[in-house]
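> Take a look at this one; I'll ask things after.
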Amino acid sequence: MPFNSWLFSIFFMLTAAGFFALKRTKFWQAWLLLASYVFYGWLNPLYVPMILWTTALNYLAGRKIESSPHKNAWLTVALVNNLLILGVFKYAVFAVENMNTFFGAVGMSYTLPVPGQLLPIGLSFYTFIATGYIIDCWRGTVPAEKNFIRFAAFVSFFPYLLAGPIERAKNMLPQLKNAPAFKSDQLTEGLSLFVTGLFKKIALADFLALYVNRVYGEPAEAGGLVLLMATYAFAWQIYFDFSGYTDMARGCARMLGFELMLNFKNPYLAESLGEFWGRWHISLSSWFRDYLYIPLGGNRKGRIGTYRNMIITMLVAGLWHGAAWNFVIWGGIHALGRSIMKELENTRFYAERIPKFMKQMLVFHIVCLAWIFFRAETFGKAIEILTGIFTRPWNDPAFPIAGFIFILSVWAYQFIFESRLKRALELSYMKIALMTLMLLYMIFFRTAGYEIFLYFRF
Amino acid sequence: MKSSSTSASNALILSGREWIIAIVLTALVTGTIYFGWGSWERYNPGPDHRETCWAELQSDYWAYMRWMKTAKERYDILLLGDSVVWGQEVPNDETISHFINEELGSPRVANMGNDGLHLAGIHGAVQHYGDHLGDTNIILQCSPLWMTSPKRDLRGEKKARYHHPRLIPQFDSRINYYHDLNTRLGYLSEHSFRVFPFVRHLMANYFDNKSISSWMMDHPYKNPFSEVTFQAASVMAESQGKGLDWATKGMKESNEPFIDPETSIQFGLYLDALDLLEKKNANVFVMIGPYNQYYHSAESREKLFEMIGKMKAIFDKRGIPYYDTFTAEILSDTFADSCHLLPDGHKVVARELVMDAGFQSWLGNIK
């Protein structure tokens, strides 16, 4: 039930109607939970017992951590459970395939049977939500939630269940304590976020996907410039796709009166890779910062220790995105890039003499380099694309002018948004004109059919 | 006041007042284009016109509706049916409607054939796009083709593609849909928001049956607005077949179960379409067939005529006038396949229909 579907529109209207009807009763949290389970179970009813298990165990562990003297044991139980579920369902195929490759390499004829693809949509997201909660309980920064329904609604809240933002207990649990008061502003803000997200998805991401899919599907056929353009296009496609999804998620939650965290903040305007990760998938990068990078020692372990921690964090973040070496390499490029850039930033020449725009371009191109490994179907194809950009003839890329216009317009919009000219974008007639153009574009130019949200696969 | 994370977002955040203005502006622009298009786009159907509703997946119901409106203004009678009426095997001046007009001595009948318009599709067309069918005279084809088997009756055991998926009821537990629920909800919304069928008209007419964004991808340096020439697609004069009869094509005899009209989904919806037309004060005459009986084994043919007999009994009971084309002497070699006729077949059907006493009586009542 993706957000850009008619089915979701009906689901959301029914959910919102029930929610507002029950808001003054004690059943509103149960209603949200039921709606979330219907939303999730619609994809596959077997997903519901899985999320219920994770929810129940983490709820129990949270309570025990608070009340029992065996805090560490309960933390271990919850973490092992969460990581084991993630490991079995997400990484079993990857692990078995790699073991079989290893057996073959050392001359063993034995091979392990490869399990089928098991990954339930959203597993990585809700497992991280539950894991973040349990660590917060153990640290004592968040009190254990006593109400199971409320806790279950927090873990499974449908706007962020499938693809984030990866919410934190300290932000969401208080919001789920008392029913939010209805304000008309919430409705219009939520609607604005939702429609902006819808436009990003169906008008921009799905449009660019037509080009990217064609080129990345058959990279052997493409020239150097075509491969480069497809890589640029993918960088924007994944941004529009994922930030569009997040906008829609935040819009849905906002219409119901809830406030989800910001997940994207004009990432391609970043001047360093560190800044990029402060702007891209903020809920994930801050999760890794708080629950992996800092516990590893963060930047308190000297220069080498800091780089080691950064590299570990980025490699794990890569693996979080998918059980494939491509994602590990993607994380590795970011880790290496961040390390090199950090050294560069320490030089006076780079810090003071290199113009801001050049820095932005450098960051964008490092990110694009990593995207090649992220998007390519195999490692071999990623290498083919990368070498192809430099070795194949740069013939006509046949990239639509409309695509250029979209990307440049969005880039200009974001540039203005972060400049002193931002007030121009807040002028009433400007907002009305832009929204009207977006609505008209979606009515008349929409792509037939739709692409599944890219981050559903993680 | 914007919430903290919303203000940090680069999304366009509109107030209630701004939303109202944006929606009104969008509605105004959309409405102007939608309602103005009929007069902006040059559309002047000539004699024996037939609409170019060909590709199943891009059925241009907006154009079909416009043709209904124009045909109602120009002709006394609309002949509504599938590709047999449209004339798949013949050019547009050798269709059933053309020969009926020859028999009548003046152009009184319009060809409202639409490829693959099965009985359930007729119901959908009348229900969702039949705005201009009120107070009209309609010859409504009823082809047994759509009741030959459970699959044709939309309830085959396996999911199978069928024509005009937008026109069938989207929530009938008996139908084996091949589209998912979300797609079917989309179809329903198209019927309510007419701008979507209109956009499909633009796609079909100017953008190679693709969405405009897909078209831009295929024509990266072209301006999509320059493609809109305000000229409706011309009549498809040429035939779609090779003019060969079914035996020459090497088609083998068929053995079909045929569905009881009492339980048939297709026939049930056809009867509902008749009810809808009656409510619209339309004056309807049913044409059963034509259909190739020679193509069937003796056992299958027996089932066919048993089914036709039951259909006729139902029409009799409801007082609906009809003509049974199986009573006409349509020779085997005038059929191109299981149902489509060659020109000589069309001539026979037209002649016999016009000579039929029931039809003459119905015709006589037309003002």
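As shown in the structure tokens, the chain order sets the letters A, B, ...; within each chain, residues go from 1, and ligands are also counted from 1 in the order they appear.
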What are the closest atom pairs, with distances in Å to one decimal, for each residue of chain A lying within 8 Å of chain B, using only C-alpha atoms, rows by chain and rising residue number, as a Markdown table?


```
| residue | atom | partner | partner_atom | distance |
| --- | --- | --- | --- | --- |
| A:Ser5 | CA | B:Asn182 | CA | 6.5 |
| A:Trp6 | CA | B:Asn182 | CA | 5.9 |
| A:Leu7 | CA | B:Asn182 | CA | 5.4 |
| A:Ser184 | CA | B:Gly16 | CA | 7.8 |
| A:Asp185 | CA | B:Ser15 | CA | 7.0 |
| A:Thr188 | CA | B:Gly16 | CA | 5.8 |
| A:Glu189 | CA | B:Ile13 | CA | 5.7 |
| A:Ser192 | CA | B:Ile13 | CA | 5.1 |
| A:Leu193 | CA | B:Ala11 | CA | 5.9 |
| A:Thr196 | CA | B:Ala11 | CA | 5.9 |
| A:Gly197 | CA | B:Ala11 | CA | 7.9 |
| A:Phe207 | CA | B:Ser213 | CA | 6.3 |
| A:Leu210 | CA | B:Met217 | CA | 7.1 |
| A:Tyr211 | CA | B:Met217 | CA | 7.0 |
| A:Asp247 | CA | B:Ala11 | CA | 7.6 |
| A:Glu259 | CA | B:Ser5 | CA | 7.7 |
| A:Leu260 | CA | B:Ser5 | CA | 7.7 |
| A:Met261 | CA | B:Ser5 | CA | 6.4 |
| A:Leu262 | CA | B:Ser5 | CA | 5.6 |
| A:Phe264 | CA | B:Ser9 | CA | 7.6 |
| A:Lys265 | CA | B:Ser9 | CA | 6.6 |
| A:Asn266 | CA | B:Asn10 | CA | 7.5 |
| A:Ala398 | CA | B:Pro220 | CA | 5.7 |
| A:Phe399 | CA | B:Pro220 | CA | 5.7 |
| A:Pro400 | CA | B:Pro220 | CA | 3.6 |
| A:Ile401 | CA | B:Tyr221 | CA | 5.9 |
| A:Ala402 | CA | B:Met216 | CA | 7.4 |
| A:Gln414 | CA | B:Asn10 | CA | 7.2 |
| A:Phe417 | CA | B:Asn10 | CA | 7.0 |
| A:Ser428 | CA | B:Glu18 | CA | 7.0 |
| A:Lys431 | CA | B:Leu12 | CA | 6.5 |
| A:Ile432 | CA | B:Ala22 | CA | 5.2 |
| A:Ala433 | CA | B:Ala22 | CA | 7.2 |
| A:Met435 | CA | B:Ala22 | CA | 6.5 |
| A:Thr436 | CA | B:Ala22 | CA | 5.2 |
| A:Leu437 | CA | B:Thr26 | CA | 8.0 |
| A:Leu439 | CA | B:Thr26 | CA | 6.8 |
| A:Leu440 | CA | B:Thr26 | CA | 6.3 |
| A:Ile443 | CA | B:Phe196 | CA | 7.6 |
| A:Phe444 | CA | B:Val199 | CA | 6.1 |
| A:Phe445 | CA | B:Ile212 | CA | 5.1 |
| A:Arg446 | CA | B:Ser213 | CA | 6.5 |
| A:Thr447 | CA | B:Ser211 | CA | 5.6 |
| A:Ala448 | CA | B:Ser211 | CA | 5.6 |
```

> Please give the complete set of residues from region 161-345 of chain B that DSSP, run on the backbone, assigns to strand (DSSP E), formatted as a ChimeraX atom specification.

/B:283-288,322-324

> Residues as selected, N, CA and C atoms, written as a PDB file, in the first residue's frame, can you do that?


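Contents of again.pdb, as written:
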```
ATOM      1  N   ASN B 283     -34.301   4.506 -26.976  1.00  0.00           N
ATOM      2  CA  ASN B 283     -35.159   3.552 -27.673  1.00  0.00           C
ATOM      3  C   ASN B 283     -34.232   2.473 -28.264  1.00  0.00           C
ATOM      4  N   VAL B 284     -34.256   1.274 -27.666  1.00  0.00           N
ATOM      5  CA  VAL B 284     -33.232   0.284 -27.995  1.00  0.00           C
ATOM      6  C   VAL B 284     -33.790  -0.889 -28.793  1.00  0.00           C
ATOM      7  N   PHE B 285     -32.999  -1.300 -29.788  1.00  0.00           N
ATOM      8  CA  PHE B 285     -33.296  -2.495 -30.559  1.00  0.00           C
ATOM      9  C   PHE B 285     -32.051  -3.389 -30.487  1.00  0.00           C
ATOM     10  N   VAL B 286     -32.266  -4.652 -30.113  1.00  0.00           N
ATOM     11  CA  VAL B 286     -31.115  -5.551 -29.923  1.00  0.00           C
ATOM     12  C   VAL B 286     -30.808  -6.319 -31.207  1.00  0.00           C
ATOM     13  N   MET B 287     -29.526  -6.399 -31.548  1.00  0.00           N
ATOM     14  CA  MET B 287     -29.098  -7.239 -32.677  1.00  0.00           C
ATOM     15  C   MET B 287     -28.264  -8.387 -32.103  1.00  0.00           C
ATOM     16  N   ILE B 288     -28.798  -9.602 -32.167  1.00  0.00           N
ATOM     17  CA  ILE B 288     -28.066 -10.763 -31.654  1.00  0.00           C
ATOM     18  C   ILE B 288     -27.100 -11.243 -32.732  1.00  0.00           C
ATOM     19  N   TYR B 322     -35.842  -7.359 -30.896  1.00  0.00           N
ATOM     20  CA  TYR B 322     -34.514  -7.827 -31.304  1.00  0.00           C
ATOM     21  C   TYR B 322     -34.566  -8.444 -32.693  1.00  0.00           C
ATOM     22  N   TYR B 323     -33.375  -8.554 -33.264  1.00  0.00           N
ATOM     23  CA  TYR B 323     -33.226  -9.290 -34.520  1.00  0.00           C
ATOM     24  C   TYR B 323     -32.109 -10.305 -34.311  1.00  0.00           C
ATOM     25  N   ASP B 324     -32.416 -11.559 -34.720  1.00  0.00           N
ATOM     26  CA  ASP B 324     -31.454 -12.641 -34.543  1.00  0.00           C
ATOM     27  C   ASP B 324     -30.733 -12.860 -35.872  1.00  0.00           C
TER      28      ASP B 324
END
```

> Fewer than 6 positions away in the same chain doesn't count, so skip those; otherwise give me all residues within 12 Å of region 11-17 of chain A, counting only C-alpha atoms, as a PyMOL selection string.

(chain A and resi 1-5+23+28-40+42+157-159+182+187+194+248-249+251-257) or (chain B and resi 182)

> Deliver the residues from the most recent selection as a file, using N, CA, C and O atoms, as a compact mmCIF listing (two decimals), in the first residue's frame.


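Just written: part-v6.txt:
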```
# COMPACT_ATOMS: atom_id res chain seq x y z
N MET A 1 0.83 -1.19 0.00
CA MET A 1 0.00 0.00 0.00
C MET A 1 0.88 1.26 0.00
O MET A 1 1.01 1.92 1.02
N PRO A 2 1.53 1.57 -1.11
CA PRO A 2 2.37 2.77 -1.12
C PRO A 2 1.53 4.05 -0.98
O PRO A 2 0.35 4.06 -1.30
N PHE A 3 2.18 5.11 -0.49
CA PHE A 3 1.45 6.37 -0.26
C PHE A 3 0.84 6.93 -1.55
O PHE A 3 -0.17 7.59 -1.51
N ASN A 4 1.52 6.69 -2.68
CA ASN A 4 1.01 7.25 -3.94
C ASN A 4 0.04 6.28 -4.62
O ASN A 4 0.15 6.01 -5.80
N SER A 5 -0.86 5.71 -3.83
CA SER A 5 -1.84 4.79 -4.41
C SER A 5 -3.24 5.19 -3.95
O SER A 5 -3.42 5.81 -2.90
N LYS A 23 -10.62 10.25 19.30
CA LYS A 23 -9.57 11.02 19.97
C LYS A 23 -9.88 11.36 21.42
O LYS A 23 -8.99 11.44 22.26
N TRP A 28 -7.95 5.68 21.13
CA TRP A 28 -7.30 6.23 19.93
C TRP A 28 -5.94 5.59 19.63
O TRP A 28 -5.59 5.40 18.48
N GLN A 29 -5.21 5.23 20.70
CA GLN A 29 -3.90 4.60 20.44
C GLN A 29 -4.11 3.20 19.84
O GLN A 29 -3.40 2.78 18.92
N ALA A 30 -5.13 2.50 20.38
CA ALA A 30 -5.44 1.16 19.86
C ALA A 30 -5.87 1.26 18.39
O ALA A 30 -5.54 0.40 17.57
N TRP A 31 -6.59 2.34 18.08
CA TRP A 31 -7.03 2.54 16.70
C TRP A 31 -5.82 2.74 15.77
O TRP A 31 -5.75 2.17 14.67
N LEU A 32 -4.89 3.58 16.23
CA LEU A 32 -3.68 3.80 15.42
C LEU A 32 -2.90 2.50 15.23
O LEU A 32 -2.37 2.23 14.15
N LEU A 33 -2.85 1.71 16.30
CA LEU A 33 -2.13 0.44 16.22
C LEU A 33 -2.81 -0.50 15.24
O LEU A 33 -2.16 -1.11 14.38
N LEU A 34 -4.13 -0.58 15.36
CA LEU A 34 -4.89 -1.44 14.45
C LEU A 34 -4.68 -1.01 13.00
O LEU A 34 -4.42 -1.84 12.11
N ALA A 35 -4.78 0.31 12.78
CA ALA A 35 -4.59 0.84 11.42
C ALA A 35 -3.20 0.49 10.91
O ALA A 35 -3.02 0.09 9.75
N SER A 36 -2.20 0.63 11.78
CA SER A 36 -0.82 0.34 11.37
C SER A 36 -0.65 -1.13 11.01
O SER A 36 0.03 -1.47 10.04
N TYR A 37 -1.27 -2.01 11.78
CA TYR A 37 -1.16 -3.44 11.49
C TYR A 37 -1.92 -3.81 10.21
O TYR A 37 -1.48 -4.68 9.45
N VAL A 38 -3.04 -3.16 10.00
CA VAL A 38 -3.77 -3.39 8.73
C VAL A 38 -2.90 -2.94 7.56
O VAL A 38 -2.74 -3.64 6.56
N PHE A 39 -2.31 -1.77 7.71
CA PHE A 39 -1.44 -1.19 6.68
C PHE A 39 -0.28 -2.15 6.38
O PHE A 39 0.06 -2.42 5.22
N TYR A 40 0.31 -2.69 7.43
CA TYR A 40 1.47 -3.57 7.26
C TYR A 40 1.03 -4.96 6.78
O TYR A 40 1.64 -5.54 5.88
N TRP A 42 -1.44 -5.74 5.10
CA TRP A 42 -1.97 -5.71 3.73
C TRP A 42 -0.94 -6.25 2.75
O TRP A 42 -1.26 -6.91 1.77
N PHE A 157 3.95 2.68 13.92
CA PHE A 157 3.15 3.80 13.39
C PHE A 157 3.26 3.84 11.85
O PHE A 157 4.36 3.99 11.30
N PHE A 158 2.15 3.70 11.17
CA PHE A 158 2.18 3.43 9.72
C PHE A 158 2.89 4.48 8.87
O PHE A 158 3.50 4.10 7.85
N PRO A 159 2.87 5.78 9.22
CA PRO A 159 3.58 6.70 8.31
C PRO A 159 5.06 6.37 8.15
O PRO A 159 5.62 6.53 7.08
N PHE A 182 -6.55 19.14 17.83
CA PHE A 182 -6.70 19.39 16.39
C PHE A 182 -6.51 20.87 16.10
O PHE A 182 -7.13 21.73 16.71
N LEU A 187 -3.43 20.41 9.47
CA LEU A 187 -4.02 19.80 8.29
C LEU A 187 -3.40 20.37 7.01
O LEU A 187 -3.01 19.64 6.10
N PHE A 194 2.52 16.38 2.11
CA PHE A 194 2.13 15.20 1.35
C PHE A 194 2.16 15.47 -0.16
O PHE A 194 2.71 14.69 -0.93
N MET A 248 5.85 12.63 2.42
CA MET A 248 4.49 12.08 2.50
C MET A 248 4.24 11.47 3.87
O MET A 248 3.16 11.63 4.44
N ALA A 249 5.25 10.77 4.40
CA ALA A 249 5.11 10.17 5.73
C ALA A 249 4.89 11.27 6.77
O ALA A 249 3.99 11.18 7.61
N GLY A 251 3.82 14.22 6.21
CA GLY A 251 2.54 14.87 5.93
C GLY A 251 1.37 14.11 6.53
O GLY A 251 0.48 14.70 7.15
N CYS A 252 1.37 12.80 6.37
CA CYS A 252 0.30 11.97 6.94
C CYS A 252 0.27 12.13 8.46
O CYS A 252 -0.79 12.33 9.06
N ALA A 253 1.45 12.02 9.07
CA ALA A 253 1.53 12.13 10.52
C ALA A 253 1.06 13.52 10.97
O ALA A 253 0.32 13.65 11.94
N ARG A 254 1.49 14.53 10.22
CA ARG A 254 1.14 15.91 10.59
C ARG A 254 -0.36 16.13 10.51
O ARG A 254 -0.94 16.83 11.34
N MET A 255 -1.00 15.55 9.50
CA MET A 255 -2.45 15.72 9.38
C MET A 255 -3.17 15.12 10.58
O MET A 255 -4.25 15.55 10.96
N LEU A 256 -2.57 14.09 11.16
CA LEU A 256 -3.17 13.48 12.36
C LEU A 256 -2.73 14.21 13.63
O LEU A 256 -3.21 13.90 14.72
N GLY A 257 -1.80 15.16 13.49
CA GLY A 257 -1.37 15.95 14.64
C GLY A 257 -0.02 15.56 15.20
O GLY A 257 0.39 16.05 16.26
N ASN B 182 -5.56 -1.79 -6.30
CA ASN B 182 -5.21 -0.39 -6.44
C ASN B 182 -5.47 0.12 -7.86
O ASN B 182 -6.00 1.22 -8.06
```

> Compile the contact shell of Gln231 (chain B) as a PyMOL selection string: residues with an atom at most 7 Å away, counting only C-alpha atoms, same-chain residues fewer than 4 positions apart removed.

chain B and resi 41-43

> Keeping only C-alpha atoms, write the selected residues to a file as a compact mmCIF listing (two decimals), in the first residue's frame.


```
# COMPACT_ATOMS: atom_id res chain seq x y z
CA GLU B 41 -9.49 20.46 -31.36
CA ARG B 42 -10.53 20.21 -35.00
CA TYR B 43 -12.93 17.28 -35.27
```

> Could you tell me how far CA of Asn299 (chain A) sits from CA of Gly322 (chain A), in Å to one decimal place?

26.8 Å

> Just the residues within 9 Å of Val155 (chain A), please, counting only C-alpha atoms, with nothing from its chain fewer than 2 positions along; format it as a PyMOL selection string.

chain A and resi 51+55+126-127+129-130+150-153+157+161+167+169

> Produce a file of the selected residues containing C-alpha atoms, as a compact mmCIF listing (two decimals), in the first residue's frame.


```txt
# COMPACT_ATOMS: atom_id res chain seq x y z
CA ILE A 51 6.49 -7.10 14.21
CA THR A 55 7.41 -5.27 19.84
CA TYR A 126 11.23 -0.97 12.84
CA THR A 127 14.08 -3.09 14.18
CA ILE A 129 13.33 1.94 16.10
CA ALA A 130 12.96 -0.82 18.72
CA ARG A 150 1.21 2.85 23.13
CA PHE A 151 4.57 1.18 22.72
CA ALA A 152 3.30 -1.03 19.90
CA ALA A 153 1.81 2.02 18.18
CA PHE A 157 3.15 3.80 13.39
CA LEU A 161 6.80 1.87 9.30
CA GLU A 167 11.89 7.75 14.88
CA ALA A 169 11.27 7.12 21.55
```

> Using only C-alpha atoms for the distances, tell me which of B:Asp172, B:Asp180, B:Ile139, B:Arg50 is nearest to Lys159 (chain B).

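Distance minimum relative to Lys159 (chain B) lands on B:Asp180.
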
> Need to verify the contact set: region 345-357 of chain B, 8 Å, only C-alpha atoms, exclusion of same-chain residues closer than 4 positions in sequence. Can you return it as a list in words?

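Contacts, with the query itself left out: Glu94, Thr95, Ile96, Ser97, Phe99, Ile100, Glu103, Leu104, Pro290, Tyr323, Thr325, Ala328, Glu329, Ile330, Leu331, Thr334, Phe335, Leu341 and Ser361 of chain B.
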
> Determine which residues of region 99-237 of chain A DSSP labels as alpha helix (DSSP H) from the backbone of this structure, then write them out as a ChimeraX atom specification.

/A:99-105,123-139,148-156,158-161,169-175,184-198,206-217,224-237

> For Met310 (chain A), work out the shell of residues within 9 Å, counting only C-alpha atoms and skipping chain neighbours fewer than 6 positions away, then give it as a list in words.

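These residues fall inside the cut-off: Tyr293, Gly298, Asn299, Ala335, Arg338 and Ser339 of chain A.
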
> So, counting only C-alpha atoms, which residue among B:Leu79, B:Val228, B:Met147, B:Leu133 is closest to Trp37 (chain B)?

B:Val228

> As an exercise, work out the distance from CA of Phe94 (chain A) to CA of Gly278 (chain A) in Å and give it to one decimal place.

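So the answer is 29.5 Å.
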
> For Gly130 (chain B), which residue out of B:Arg108, B:Tyr61, B:Leu117, B:Tyr177 is the nearest one, using only C-alpha atoms?

B:Tyr61

> I need the residue nearest Ala144 (chain A) from this list: A:Ala105, A:Ile385, A:Ala61, A:Leu119. Use only C-alpha atoms for the distance.

A:Ala61

> When distances are computed from only C-alpha atoms, which of A:Ile65, A:Val363, A:Leu208, A:Val77 shows the smallest separation from Ile405 (chain A)?

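When distances to Ile405 (chain A) are compared using only C-alpha atoms, the smallest one comes from A:Leu208.
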